[in-house]
Amino acid sequence: MVLKAIGKLIDTLPIADLLSQEEVLADTIVFEVDRHYNGLDLAEFTFHMRGVTQSGGETLAELVKEVEAECIRLHWDIGAEFTAEAGTLALDLFACSYAQGADPTVDAPSHVIRYQLPPVQVRGLPESESLLESHSYTEFLLQVKETANDAIAAISKMVKDFEAELVNYEAHVVQLERDVMANTAAIAALTPIVTLTQSEFDALETPQDGTLYVVKQDA
């Protein structure tokens, strides 16, 4: 986004609500100022953006400068210090130069030009006065998922236990069938079995002891 200066006035309305609290290098603002002001060539000046938060905190950043024939473009990469606090952020863009041989760390600048920028707002982060309640939608879904997983695990265990019991029952049935067959053969070996009609049975003078008679009706 480019904001052009008219003399020393820069309209900040386009970025009045651009910033949000705790943003870090999310936006870059380019200021375009005249290269010459009041007979001074600003090509050798250094440009700084000073910010003052609503509570009085102050931060400073040197701007990257692009010098052209008639204007100077200044790049402001908005760092975390400018968005650390929500509320009104006062902006102070200034340019300064030093006499030849001066030390900027200890000597006062020979020229200072301050641009007039209306303050902007840093949107605060959403705040909550209470913790999320246990029946919040997200937690509800997590509880449903946990309950479903527990139920699936319980059903799976029941199925496995039933399958194990079924295998055990099948083994018992096979053993019972074997026992019945063995007992039937033993009984047959010990007790003769005679099949005859009712008239044939009646015609017997004396049925033999130890013989099993199977009587069926006459045809």
# chains A, B, ... in the order shown; residues from 1 in each chain; ligands from 1

$ select_by_dssp --residues "segment 51-156 of chain A" --states "strand (DSSP E or B)" --output "PyMOL selection string"
chain A and resi 51-52+58-62+64-67+71-77+87-97+111-116+120-123

$ closest_atom_pairs --of "segment 77-145 of chain A" --to "segment 36-43 of chain A" --cutoff "12 Å" --atoms "only C-alpha atoms" --output "JSON lines"
{"residue": "A:Phe94", "atom": "CA", "partner": "A:Leu42", "partner_atom": "CA", "distance": 11.2}
{"residue": "A:Ala95", "atom": "CA", "partner": "A:Leu42", "partner_atom": "CA", "distance": 7.9}
{"residue": "A:Cys96", "atom": "CA", "partner": "A:Leu42", "partner_atom": "CA", "distance": 8.6}
{"residue": "A:Ser97", "atom": "CA", "partner": "A:Leu42", "partner_atom": "CA", "distance": 8.4}
{"residue": "A:Tyr98", "atom": "CA", "partner": "A:Leu42", "partner_atom": "CA", "distance": 11.7}
{"residue": "A:Ser110", "atom": "CA", "partner": "A:Leu40", "partner_atom": "CA", "distance": 11.9}
{"residue": "A:His111", "atom": "CA", "partner": "A:Leu40", "partner_atom": "CA", "distance": 9.4}
{"residue": "A:Val112", "atom": "CA", "partner": "A:Leu42", "partner_atom": "CA", "distance": 10.5}
{"residue": "A:Ile113", "atom": "CA", "partner": "A:Tyr37", "partner_atom": "CA", "distance": 9.0}
{"residue": "A:Arg114", "atom": "CA", "partner": "A:Tyr37", "partner_atom": "CA", "distance": 11.5}
{"residue": "A:Tyr115", "atom": "CA", "partner": "A:Tyr37", "partner_atom": "CA", "distance": 11.6}

$ residues_around --residues "segment 45-60 of chain A" --least-positions-apart "5" --cutoff "12 Å" --atoms "only C-alpha atoms" --output "count of residues only"
56

$ select_by_dssp --residues "segment 8-217 of chain A" --states "helix (DSSP H, G or I)" --output "VMD selection string"
chain A and resid 13 to 15 42 to 44 80 to 82 137 to 190 198 to 203

$ atom_distance --atom1 "atom CA of Ile193 of chain A" --atom2 "atom CA of Val215 of chain A"
10.5 Å

$ closest_residue --among "A:Ala5, A:Ala151, A:Leu19, A:Leu166" --to "Cys71 of chain A" --atoms "only C-alpha atoms"
A:Ala5

$ decode --residues "segment 137-149 of chain A" --atoms "all heavy atoms" --output "PDB file, in the first residue's frame"
ATOM      1  N   TYR A 137     -19.452 -26.872  22.136  1.00  0.00           N
ATOM      2  CA  TYR A 137     -19.694 -27.768  21.000  1.00  0.00           C
ATOM      3  C   TYR A 137     -18.485 -28.653  20.721  1.00  0.00           C
ATOM      4  O   TYR A 137     -18.614 -29.861  20.513  1.00  0.00           O
ATOM      5  CB  TYR A 137     -20.036 -26.941  19.771  1.00  0.00           C
ATOM      6  CG  TYR A 137     -20.381 -27.765  18.556  1.00  0.00           C
ATOM      7  CD1 TYR A 137     -21.517 -28.566  18.537  1.00  0.00           C
ATOM      8  CD2 TYR A 137     -19.564 -27.750  17.429  1.00  0.00           C
ATOM      9  CE1 TYR A 137     -21.839 -29.328  17.433  1.00  0.00           C
ATOM     10  CE2 TYR A 137     -19.884 -28.511  16.318  1.00  0.00           C
ATOM     11  CZ  TYR A 137     -21.022 -29.302  16.324  1.00  0.00           C
ATOM     12  OH  TYR A 137     -21.325 -30.053  15.231  1.00  0.00           O
ATOM     13  N   THR A 138     -17.290 -28.055  20.737  1.00  0.00           N
ATOM     14  CA  THR A 138     -16.079 -28.829  20.435  1.00  0.00           C
ATOM     15  C   THR A 138     -15.875 -29.930  21.463  1.00  0.00           C
ATOM     16  O   THR A 138     -15.615 -31.085  21.117  1.00  0.00           O
ATOM     17  CB  THR A 138     -14.853 -27.911  20.404  1.00  0.00           C
ATOM     18  OG1 THR A 138     -15.054 -26.907  19.403  1.00  0.00           O
ATOM     19  CG2 THR A 138     -13.597 -28.703  20.088  1.00  0.00           C
ATOM     20  N   GLU A 139     -16.003 -29.569  22.737  1.00  0.00           N
ATOM     21  CA  GLU A 139     -15.791 -30.581  23.773  1.00  0.00           C
ATOM     22  C   GLU A 139     -16.891 -31.634  23.724  1.00  0.00           C
ATOM     23  O   GLU A 139     -16.654 -32.814  23.991  1.00  0.00           O
ATOM     24  CB  GLU A 139     -15.751 -29.919  25.148  1.00  0.00           C
ATOM     25  CG  GLU A 139     -15.383 -30.892  26.261  1.00  0.00           C
ATOM     26  CD  GLU A 139     -14.886 -30.192  27.510  1.00  0.00           C
ATOM     27  OE1 GLU A 139     -14.547 -29.007  27.422  1.00  0.00           O
ATOM     28  OE2 GLU A 139     -14.848 -30.846  28.560  1.00  0.00           O
ATOM     29  N   PHE A 140     -18.112 -31.206  23.378  1.00  0.00           N
ATOM     30  CA  PHE A 140     -19.202 -32.170  23.239  1.00  0.00           C
ATOM     31  C   PHE A 140     -18.871 -33.211  22.180  1.00  0.00           C
ATOM     32  O   PHE A 140     -19.072 -34.415  22.374  1.00  0.00           O
ATOM     33  CB  PHE A 140     -20.495 -31.429  22.884  1.00  0.00           C
ATOM     34  CG  PHE A 140     -21.628 -32.350  22.509  1.00  0.00           C
ATOM     35  CD1 PHE A 140     -22.280 -33.099  23.481  1.00  0.00           C
ATOM     36  CD2 PHE A 140     -22.023 -32.473  21.185  1.00  0.00           C
ATOM     37  CE1 PHE A 140     -23.316 -33.953  23.134  1.00  0.00           C
ATOM     38  CE2 PHE A 140     -23.057 -33.325  20.838  1.00  0.00           C
ATOM     39  CZ  PHE A 140     -23.706 -34.067  21.822  1.00  0.00           C
ATOM     40  N   LEU A 141     -18.334 -32.750  21.020  1.00  0.00           N
ATOM     41  CA  LEU A 141     -17.969 -33.685  19.961  1.00  0.00           C
ATOM     42  C   LEU A 141     -16.867 -34.630  20.422  1.00  0.00           C
ATOM     43  O   LEU A 141     -16.889 -35.828  20.120  1.00  0.00           O
ATOM     44  CB  LEU A 141     -17.506 -32.908  18.726  1.00  0.00           C
ATOM     45  CG  LEU A 141     -18.594 -32.138  17.966  1.00  0.00           C
ATOM     46  CD1 LEU A 141     -17.981 -31.417  16.778  1.00  0.00           C
ATOM     47  CD2 LEU A 141     -19.697 -33.070  17.495  1.00  0.00           C
ATOM     48  N   LEU A 142     -15.920 -34.114  21.180  1.00  0.00           N
ATOM     49  CA  LEU A 142     -14.843 -34.964  21.683  1.00  0.00           C
ATOM     50  C   LEU A 142     -15.389 -36.012  22.645  1.00  0.00           C
ATOM     51  O   LEU A 142     -14.959 -37.172  22.631  1.00  0.00           O
ATOM     52  CB  LEU A 142     -13.777 -34.102  22.374  1.00  0.00           C
ATOM     53  CG  LEU A 142     -12.990 -33.153  21.460  1.00  0.00           C
ATOM     54  CD1 LEU A 142     -12.040 -32.301  22.282  1.00  0.00           C
ATOM     55  CD2 LEU A 142     -12.206 -33.939  20.410  1.00  0.00           C
ATOM     56  N   GLN A 143     -16.354 -35.600  23.495  1.00  0.00           N
ATOM     57  CA  GLN A 143     -16.944 -36.551  24.423  1.00  0.00           C
ATOM     58  C   GLN A 143     -17.729 -37.627  23.682  1.00  0.00           C
ATOM     59  O   GLN A 143     -17.678 -38.808  24.031  1.00  0.00           O
ATOM     60  CB  GLN A 143     -17.856 -35.817  25.405  1.00  0.00           C
ATOM     61  CG  GLN A 143     -17.097 -34.941  26.399  1.00  0.00           C
ATOM     62  CD  GLN A 143     -18.020 -34.169  27.305  1.00  0.00           C
ATOM     63  OE1 GLN A 143     -19.233 -34.143  27.111  1.00  0.00           O
ATOM     64  NE2 GLN A 143     -17.463 -33.525  28.311  1.00  0.00           N
ATOM     65  N   VAL A 144     -18.474 -37.205  22.640  1.00  0.00           N
ATOM     66  CA  VAL A 144     -19.222 -38.179  21.851  1.00  0.00           C
ATOM     67  C   VAL A 144     -18.275 -39.169  21.191  1.00  0.00           C
ATOM     68  O   VAL A 144     -18.513 -40.386  21.185  1.00  0.00           O
ATOM     69  CB  VAL A 144     -20.078 -37.461  20.788  1.00  0.00           C
ATOM     70  CG1 VAL A 144     -20.668 -38.459  19.798  1.00  0.00           C
ATOM     71  CG2 VAL A 144     -21.192 -36.667  21.453  1.00  0.00           C
ATOM     72  N   LYS A 145     -17.184 -38.643  20.640  1.00  0.00           N
ATOM     73  CA  LYS A 145     -16.211 -39.517  19.981  1.00  0.00           C
ATOM     74  C   LYS A 145     -15.606 -40.496  20.976  1.00  0.00           C
ATOM     75  O   LYS A 145     -15.451 -41.691  20.678  1.00  0.00           O
ATOM     76  CB  LYS A 145     -15.118 -38.662  19.333  1.00  0.00           C
ATOM     77  CG  LYS A 145     -14.068 -39.481  18.595  1.00  0.00           C
ATOM     78  CD  LYS A 145     -13.040 -38.584  17.946  1.00  0.00           C
ATOM     79  CE  LYS A 145     -11.987 -39.424  17.209  1.00  0.00           C
ATOM     80  NZ  LYS A 145     -10.958 -38.573  16.584  1.00  0.00           N
ATOM     81  N   GLU A 146     -15.263 -39.992  22.178  1.00  0.00           N
ATOM     82  CA  GLU A 146     -14.667 -40.866  23.190  1.00  0.00           C
ATOM     83  C   GLU A 146     -15.656 -41.947  23.620  1.00  0.00           C
ATOM     84  O   GLU A 146     -15.292 -43.128  23.757  1.00  0.00           O
ATOM     85  CB  GLU A 146     -14.238 -40.028  24.395  1.00  0.00           C
ATOM     86  CG  GLU A 146     -13.568 -40.844  25.501  1.00  0.00           C
ATOM     87  CD  GLU A 146     -13.135 -39.991  26.670  1.00  0.00           C
ATOM     88  OE1 GLU A 146     -13.338 -38.759  26.608  1.00  0.00           O
ATOM     89  OE2 GLU A 146     -12.607 -40.543  27.645  1.00  0.00           O
ATOM     90  N   THR A 147     -16.930 -41.554  23.820  1.00  0.00           N
ATOM     91  CA  THR A 147     -17.953 -42.518  24.212  1.00  0.00           C
ATOM     92  C   THR A 147     -18.155 -43.576  23.133  1.00  0.00           C
ATOM     93  O   THR A 147     -18.284 -44.775  23.424  1.00  0.00           O
ATOM     94  CB  THR A 147     -19.282 -41.799  24.491  1.00  0.00           C
ATOM     95  OG1 THR A 147     -19.084 -40.816  25.516  1.00  0.00           O
ATOM     96  CG2 THR A 147     -20.356 -42.784  24.932  1.00  0.00           C
ATOM     97  N   ALA A 148     -18.196 -43.110  21.866  1.00  0.00           N
ATOM     98  CA  ALA A 148     -18.366 -44.047  20.756  1.00  0.00           C
ATOM     99  C   ALA A 148     -17.201 -45.021  20.683  1.00  0.00           C
ATOM    100  O   ALA A 148     -17.397 -46.233  20.471  1.00  0.00           O
ATOM    101  CB  ALA A 148     -18.516 -43.279  19.448  1.00  0.00           C
ATOM    102  N   ASN A 149     -15.983 -44.519  20.859  1.00  0.00           N
ATOM    103  CA  ASN A 149     -14.807 -45.390  20.815  1.00  0.00           C
ATOM    104  C   ASN A 149     -14.846 -46.424  21.933  1.00  0.00           C
ATOM    105  O   ASN A 149     -14.518 -47.600  21.731  1.00  0.00           O
ATOM    106  CB  ASN A 149     -13.534 -44.559  20.912  1.00  0.00           C
ATOM    107  CG  ASN A 149     -13.268 -43.750  19.654  1.00  0.00           C
ATOM    108  OD1 ASN A 149     -13.762 -44.086  18.583  1.00  0.00           O
ATOM    109  ND2 ASN A 149     -12.497 -42.696  19.770  1.00  0.00           N
TER     110      ASN A 149
END
